[in-house]
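Asker: Dumping the structure here so I can ask a few things about it.
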Amino acid sequence: MGLLTPTVALDHVTDITPEMLKEMGVDAMLLDVDNTLAPPTEKTPYKGVQEWIDSVKSSGVAVVICSNNFHKRIEPFSRSVGLDCVSMSLKPFPFGFNRAKKKLNEKPTSVVVVGDQIYTDVLGANLAGMKSILLKPRSAEYGITIKIRRALEKNIRKKLYK
């Protein structure tokens, strides 16, 4: 699987602990929003996510939101949860990851990308030389491109979540 293999695969973002991040050698985290922190298009995070963000930040891990979504969606959400953001990241290309990394002043090997998509979050993290944590999507999405990506991910996810 190579470039499509995450460093770690978990169910939900709140399953990530500061201790786990320390063991992974992580000093900074780039978070996706839709289906990672909140349902697509929603303005508030999933239950427990705000407390989780606060816990991760208080452990000394720097956190930035890095999303392919538009600024008008991501910036207000980021502000509401107390994080900086990079919108229109163009994942899986490294451009957005590199912009976020500069905000954090970190080297790629100490950064982990957290998201729910293999072909954007995991592939992009691997291309950028970063670690990745793949999460299971929590909410339904209806666009044709996401349905295609989910179908392509199906067999890879089966192997990861055995």
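Labels for the structure tokens follow display order: chains A, B, ..., residues from 1 in each chain, ligands from 1.
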At most 9 Å is the cut-off: for each residue in region 28-92 of chain A with any atom that close to an atom of region 4-16 of chain A, write down the nearest atom pair and the distance in Å rounded to one decimal, counting only C-alpha atoms, chain first then increasing number, as a Markdown table.
Answerer:
| residue | atom | partner | partner_atom | distance |
| --- | --- | --- | --- | --- |
| A:Thr36 | CA | A:Val13 | CA | 6.5 |
| A:Leu37 | CA | A:Val13 | CA | 7.1 |
| A:Gly48 | CA | A:Thr14 | CA | 7.2 |
| A:Val49 | CA | A:Thr14 | CA | 6.5 |
| A:Trp52 | CA | A:Thr14 | CA | 6.0 |
| A:Ile53 | CA | A:Thr14 | CA | 8.6 |
| A:Val56 | CA | A:Ile16 | CA | 8.9 |
Asker: Using DSSP on the backbone coordinates, identify all residues within chain A classified as alpha helix (DSSP H); present the result as a compact mmCIF listing (two decimals) with N, CA and C atoms, in the first residue's frame.
Answerer:
# COMPACT_ATOMS: atom_id res chain seq x y z
N PRO A 18 -2.49 12.48 24.16
CA PRO A 18 -1.19 13.14 24.19
C PRO A 18 -0.04 12.15 24.36
N GLU A 19 -0.26 11.08 25.12
CA GLU A 19 0.77 10.06 25.32
C GLU A 19 1.10 9.36 23.99
N MET A 20 0.08 9.06 23.22
CA MET A 20 0.27 8.43 21.90
C MET A 20 1.09 9.35 21.00
N LEU A 21 0.75 10.63 20.99
CA LEU A 21 1.47 11.58 20.16
C LEU A 21 2.93 11.67 20.58
N LYS A 22 3.16 11.66 21.89
CA LYS A 22 4.54 11.71 22.39
C LYS A 22 5.32 10.47 21.92
N GLU A 23 4.69 9.30 22.02
CA GLU A 23 5.34 8.06 21.57
C GLU A 23 5.65 8.09 20.08
N VAL A 49 -15.07 16.87 21.24
CA VAL A 49 -13.93 17.32 20.44
C VAL A 49 -13.29 18.58 21.01
N GLN A 50 -14.08 19.53 21.48
CA GLN A 50 -13.49 20.76 22.04
C GLN A 50 -12.62 20.44 23.25
N GLU A 51 -13.11 19.58 24.12
CA GLU A 51 -12.34 19.20 25.30
C GLU A 51 -11.05 18.46 24.89
N TRP A 52 -11.16 17.63 23.85
CA TRP A 52 -10.00 16.91 23.34
C TRP A 52 -8.95 17.89 22.78
N ILE A 53 -9.41 18.87 21.99
CA ILE A 53 -8.49 19.88 21.44
C ILE A 53 -7.77 20.60 22.58
N ASP A 54 -8.53 21.02 23.60
CA ASP A 54 -7.93 21.72 24.74
C ASP A 54 -6.89 20.86 25.44
N SER A 55 -7.19 19.56 25.57
CA SER A 55 -6.27 18.62 26.23
C SER A 55 -4.97 18.46 25.43
N VAL A 56 -5.10 18.32 24.12
CA VAL A 56 -3.92 18.16 23.26
C VAL A 56 -3.07 19.43 23.31
N LYS A 57 -3.71 20.59 23.20
CA LYS A 57 -2.97 21.85 23.25
C LYS A 57 -2.27 22.03 24.59
N SER A 58 -2.95 21.68 25.68
CA SER A 58 -2.34 21.86 27.00
C SER A 58 -1.19 20.88 27.24
N HIS A 71 -12.34 28.95 2.75
CA HIS A 71 -12.04 29.79 3.92
C HIS A 71 -13.32 30.17 4.66
N LYS A 72 -14.39 30.47 3.93
CA LYS A 72 -15.63 30.90 4.58
C LYS A 72 -16.24 29.78 5.44
N ARG A 73 -15.87 28.54 5.19
CA ARG A 73 -16.31 27.42 6.03
C ARG A 73 -15.31 27.18 7.17
N ILE A 74 -14.03 27.18 6.86
CA ILE A 74 -13.01 26.74 7.80
C ILE A 74 -12.61 27.81 8.82
N GLU A 75 -12.47 29.04 8.41
CA GLU A 75 -12.00 30.08 9.32
C GLU A 75 -12.95 30.28 10.51
N PRO A 76 -14.27 30.42 10.30
CA PRO A 76 -15.15 30.57 11.47
C PRO A 76 -15.14 29.34 12.38
N PHE A 77 -15.08 28.16 11.79
CA PHE A 77 -15.03 26.94 12.59
C PHE A 77 -13.75 26.92 13.41
N SER A 78 -12.62 27.21 12.78
CA SER A 78 -11.33 27.22 13.47
C SER A 78 -11.34 28.20 14.64
N ARG A 79 -11.85 29.38 14.37
CA ARG A 79 -11.91 30.41 15.42
C ARG A 79 -12.77 29.92 16.59
N SER A 80 -13.88 29.24 16.29
CA SER A 80 -14.79 28.79 17.35
C SER A 80 -14.16 27.73 18.25
N VAL A 81 -13.19 26.96 17.73
CA VAL A 81 -12.53 25.94 18.56
C VAL A 81 -11.14 26.38 19.03
N PHE A 95 1.24 21.49 -0.76
CA PHE A 95 1.19 22.94 -0.58
C PHE A 95 0.57 23.36 0.75
N GLY A 96 -0.62 22.90 1.04
CA GLY A 96 -1.31 23.27 2.27
C GLY A 96 -0.62 22.75 3.51
N PHE A 97 -0.10 21.52 3.43
CA PHE A 97 0.64 20.96 4.55
C PHE A 97 1.87 21.82 4.84
N ASN A 98 2.55 22.26 3.80
CA ASN A 98 3.74 23.10 3.99
C ASN A 98 3.38 24.47 4.57
N ARG A 99 2.24 25.05 4.14
CA ARG A 99 1.79 26.33 4.72
C ARG A 99 1.50 26.15 6.21
N ALA A 100 0.83 25.06 6.56
CA ALA A 100 0.51 24.80 7.96
C ALA A 100 1.78 24.54 8.77
N LYS A 101 2.71 23.79 8.20
CA LYS A 101 3.98 23.48 8.87
C LYS A 101 4.75 24.77 9.17
N LYS A 102 4.72 25.73 8.25
CA LYS A 102 5.40 27.01 8.47
C LYS A 102 4.77 27.77 9.63
N LYS A 103 3.43 27.71 9.74
CA LYS A 103 2.76 28.37 10.86
C LYS A 103 3.23 27.79 12.19
N LEU A 104 3.55 26.51 12.18
CA LEU A 104 3.94 25.81 13.40
C LEU A 104 5.45 25.82 13.63
N LEU A 123 -2.42 10.12 1.95
CA LEU A 123 -1.53 10.29 0.81
C LEU A 123 -0.76 11.61 0.91
N GLY A 124 -1.48 12.67 1.23
CA GLY A 124 -0.83 13.98 1.36
C GLY A 124 0.22 14.02 2.45
N ALA A 125 -0.09 13.43 3.60
CA ALA A 125 0.88 13.38 4.69
C ALA A 125 2.14 12.63 4.26
N ASN A 126 1.94 11.49 3.62
CA ASN A 126 3.10 10.71 3.17
C ASN A 126 3.91 11.46 2.13
N LEU A 127 3.26 12.14 1.21
CA LEU A 127 3.98 12.93 0.20
C LEU A 127 4.76 14.08 0.83
N ILE A 144 -20.55 13.32 -5.26
CA ILE A 144 -20.11 12.21 -6.13
C ILE A 144 -18.62 11.93 -5.94
N THR A 145 -17.80 12.96 -5.77
CA THR A 145 -16.36 12.71 -5.64
C THR A 145 -16.05 11.99 -4.33
N ILE A 146 -16.75 12.33 -3.25
CA ILE A 146 -16.49 11.64 -1.99
C ILE A 146 -16.97 10.20 -2.07
N LYS A 147 -18.07 9.96 -2.75
CA LYS A 147 -18.55 8.58 -2.91
C LYS A 147 -17.55 7.73 -3.69
N ILE A 148 -16.94 8.32 -4.70
CA ILE A 148 -15.92 7.60 -5.47
C ILE A 148 -14.71 7.30 -4.59
N ARG A 149 -14.24 8.32 -3.85
CA ARG A 149 -13.07 8.10 -2.97
C ARG A 149 -13.38 7.05 -1.92
N ARG A 150 -14.56 7.09 -1.35
CA ARG A 150 -14.92 6.10 -0.32
C ARG A 150 -14.94 4.69 -0.91
N ALA A 151 -15.43 4.55 -2.14
CA ALA A 151 -15.45 3.23 -2.79
C ALA A 151 -14.02 2.74 -3.02
N LEU A 152 -13.14 3.64 -3.45
CA LEU A 152 -11.75 3.27 -3.68
C LEU A 152 -11.03 2.91 -2.37
N GLU A 153 -11.45 3.52 -1.27
CA GLU A 153 -10.82 3.28 0.03
C GLU A 153 -11.26 1.98 0.68
N LYS A 154 -12.38 1.44 0.25
CA LYS A 154 -13.03 0.33 0.95
C LYS A 154 -12.09 -0.84 1.26
N ASN A 155 -11.39 -1.35 0.28
CA ASN A 155 -10.50 -2.50 0.49
C ASN A 155 -9.30 -2.15 1.37
N ILE A 156 -8.78 -0.95 1.23
CA ILE A 156 -7.64 -0.53 2.05
C ILE A 156 -8.09 -0.46 3.52
N ARG A 157 -9.25 0.11 3.76
CA ARG A 157 -9.77 0.22 5.13
C ARG A 157 -10.01 -1.15 5.75
N LYS A 158 -10.49 -2.10 4.96
CA LYS A 158 -10.72 -3.46 5.49
C LYS A 158 -9.44 -4.04 6.05
N LYS A 159 -8.34 -3.84 5.34
CA LYS A 159 -7.05 -4.36 5.79
C LYS A 159 -6.56 -3.62 7.04
N LEU A 160 -6.77 -2.32 7.08
CA LEU A 160 -6.27 -1.51 8.21
C LEU A 160 -7.03 -1.77 9.49
Asker: Find the residue from A:Ile133, A:Met88, A:Ala38, A:Ile65 that sits nearest to Val114 (chain A); use only C-alpha atoms when measuring.
Answerer: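 Going through A:Ile133, A:Met88, A:Ala38, A:Ile65 one by one, the smallest distance to Val114 (chain A) is for A:Ile133.
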Asker: Would you return as a PyMOL selection string the members of region 47-100 of chain A that DSSP assigns to strand (DSSP E) on this structure's backbone?
Answerer: chain A and resi 62-66+84-86
Asker: Could you save the residues just selected, with all heavy atoms, as a tab-separated table (two decimals), in the first residue's frame?
Answerer:
chain	number	residue	atom	x	y	z
A	62	ALA	N	1.29	21.52	19.28
A	62	ALA	CA	0.73	22.62	18.49
A	62	ALA	C	-0.28	22.04	17.50
A	62	ALA	O	-0.05	20.98	16.94
A	62	ALA	CB	1.84	23.35	17.75
A	63	VAL	N	-1.40	22.75	17.31
A	63	VAL	CA	-2.47	22.23	16.48
A	63	VAL	C	-2.95	23.31	15.51
A	63	VAL	O	-3.20	24.45	15.90
A	63	VAL	CB	-3.68	21.76	17.33
A	63	VAL	CG1	-4.73	21.12	16.45
A	63	VAL	CG2	-3.23	20.80	18.42
A	64	VAL	N	-3.09	22.92	14.22
A	64	VAL	CA	-3.63	23.79	13.19
A	64	VAL	C	-4.61	22.98	12.35
A	64	VAL	O	-4.38	21.80	12.07
A	64	VAL	CB	-2.50	24.35	12.27
A	64	VAL	CG1	-3.05	25.02	11.03
A	64	VAL	CG2	-1.62	25.31	13.03
A	65	ILE	N	-5.68	23.61	11.96
A	65	ILE	CA	-6.62	22.97	11.04
A	65	ILE	C	-6.09	23.14	9.62
A	65	ILE	O	-5.65	24.23	9.24
A	65	ILE	CB	-8.03	23.57	11.18
A	65	ILE	CG1	-8.63	23.09	12.50
A	65	ILE	CG2	-8.91	23.20	9.99
A	65	ILE	CD1	-10.00	23.63	12.81
A	66	CYS	N	-6.12	22.05	8.85
A	66	CYS	CA	-5.65	22.05	7.46
A	66	CYS	C	-6.72	21.35	6.63
A	66	CYS	O	-6.87	20.13	6.71
A	66	CYS	CB	-4.31	21.33	7.38
A	66	CYS	SG	-3.51	21.42	5.77
A	84	ASP	N	-5.79	28.02	14.72
A	84	ASP	CA	-5.44	28.67	13.47
A	84	ASP	C	-5.79	27.70	12.34
A	84	ASP	O	-6.02	26.51	12.58
A	84	ASP	CB	-3.94	28.99	13.45
A	84	ASP	CG	-3.56	30.02	12.39
A	84	ASP	OD1	-4.44	30.44	11.61
A	84	ASP	OD2	-2.37	30.38	12.34
A	85	CYS	N	-5.81	28.19	11.10
A	85	CYS	CA	-6.21	27.29	10.01
A	85	CYS	C	-5.51	27.62	8.70
A	85	CYS	O	-5.03	28.73	8.49
A	85	CYS	CB	-7.71	27.34	9.80
A	85	CYS	SG	-8.34	28.89	9.12
A	86	VAL	N	-5.51	26.61	7.84
A	86	VAL	CA	-5.13	26.74	6.44
A	86	VAL	C	-6.28	26.14	5.66
A	86	VAL	O	-6.61	24.96	5.83
A	86	VAL	CB	-3.81	25.98	6.14
A	86	VAL	CG1	-3.54	25.96	4.65
A	86	VAL	CG2	-2.66	26.57	6.91
Asker: What is the distance between CA of Tyr161 (chain A) and CA of Thr109 (chain A), in Å to one decimal?
Answerer: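 Between CA of Tyr161 (chain A) and CA of Thr109 (chain A) the gap is 24.4 Å.
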Asker: Which neighbours of region 39-47 of chain A fall inside 6 Å, counting only C-alpha atoms, when residues of the same chain fewer than 4 positions from it are skipped, and could you give them as a PDB file with N, CA, C and O atoms, in the first residue's frame?
Answerer:
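New file part.pdb:
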ATOM      1  N   ASP A  34     -14.102  18.313   8.233  1.00  0.00           N
ATOM      2  CA  ASP A  34     -15.296  17.549   7.883  1.00  0.00           C
ATOM      3  C   ASP A  34     -15.082  16.056   8.080  1.00  0.00           C
ATOM      4  O   ASP A  34     -14.169  15.462   7.519  1.00  0.00           O
ATOM      5  N   ASN A  35     -15.917  15.472   8.915  1.00  0.00           N
ATOM      6  CA  ASN A  35     -15.892  14.055   9.253  1.00  0.00           C
ATOM      7  C   ASN A  35     -14.701  13.673  10.126  1.00  0.00           C
ATOM      8  O   ASN A  35     -14.441  12.509  10.341  1.00  0.00           O
ATOM      9  N   PHE A  77     -15.083  28.159  11.786  1.00  0.00           N
ATOM     10  CA  PHE A  77     -15.027  26.943  12.587  1.00  0.00           C
ATOM     11  C   PHE A  77     -13.751  26.919  13.409  1.00  0.00           C
ATOM     12  O   PHE A  77     -13.779  26.658  14.616  1.00  0.00           O
ATOM     13  N   SER A 139     -19.911  10.660   9.645  1.00  0.00           N
ATOM     14  CA  SER A 139     -21.172  11.177   9.098  1.00  0.00           C
ATOM     15  C   SER A 139     -21.258  10.864   7.615  1.00  0.00           C
ATOM     16  O   SER A 139     -20.235  10.759   6.932  1.00  0.00           O
TER      17      SER A 139
END
Asker: What is the CA of Met130 (chain A)-CA of Ser59 (chain A) distance in Å, reported with one decimal?
Answerer: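 Pair CA of Met130 (chain A) / CA of Ser59 (chain A) returns 20.1 Å.
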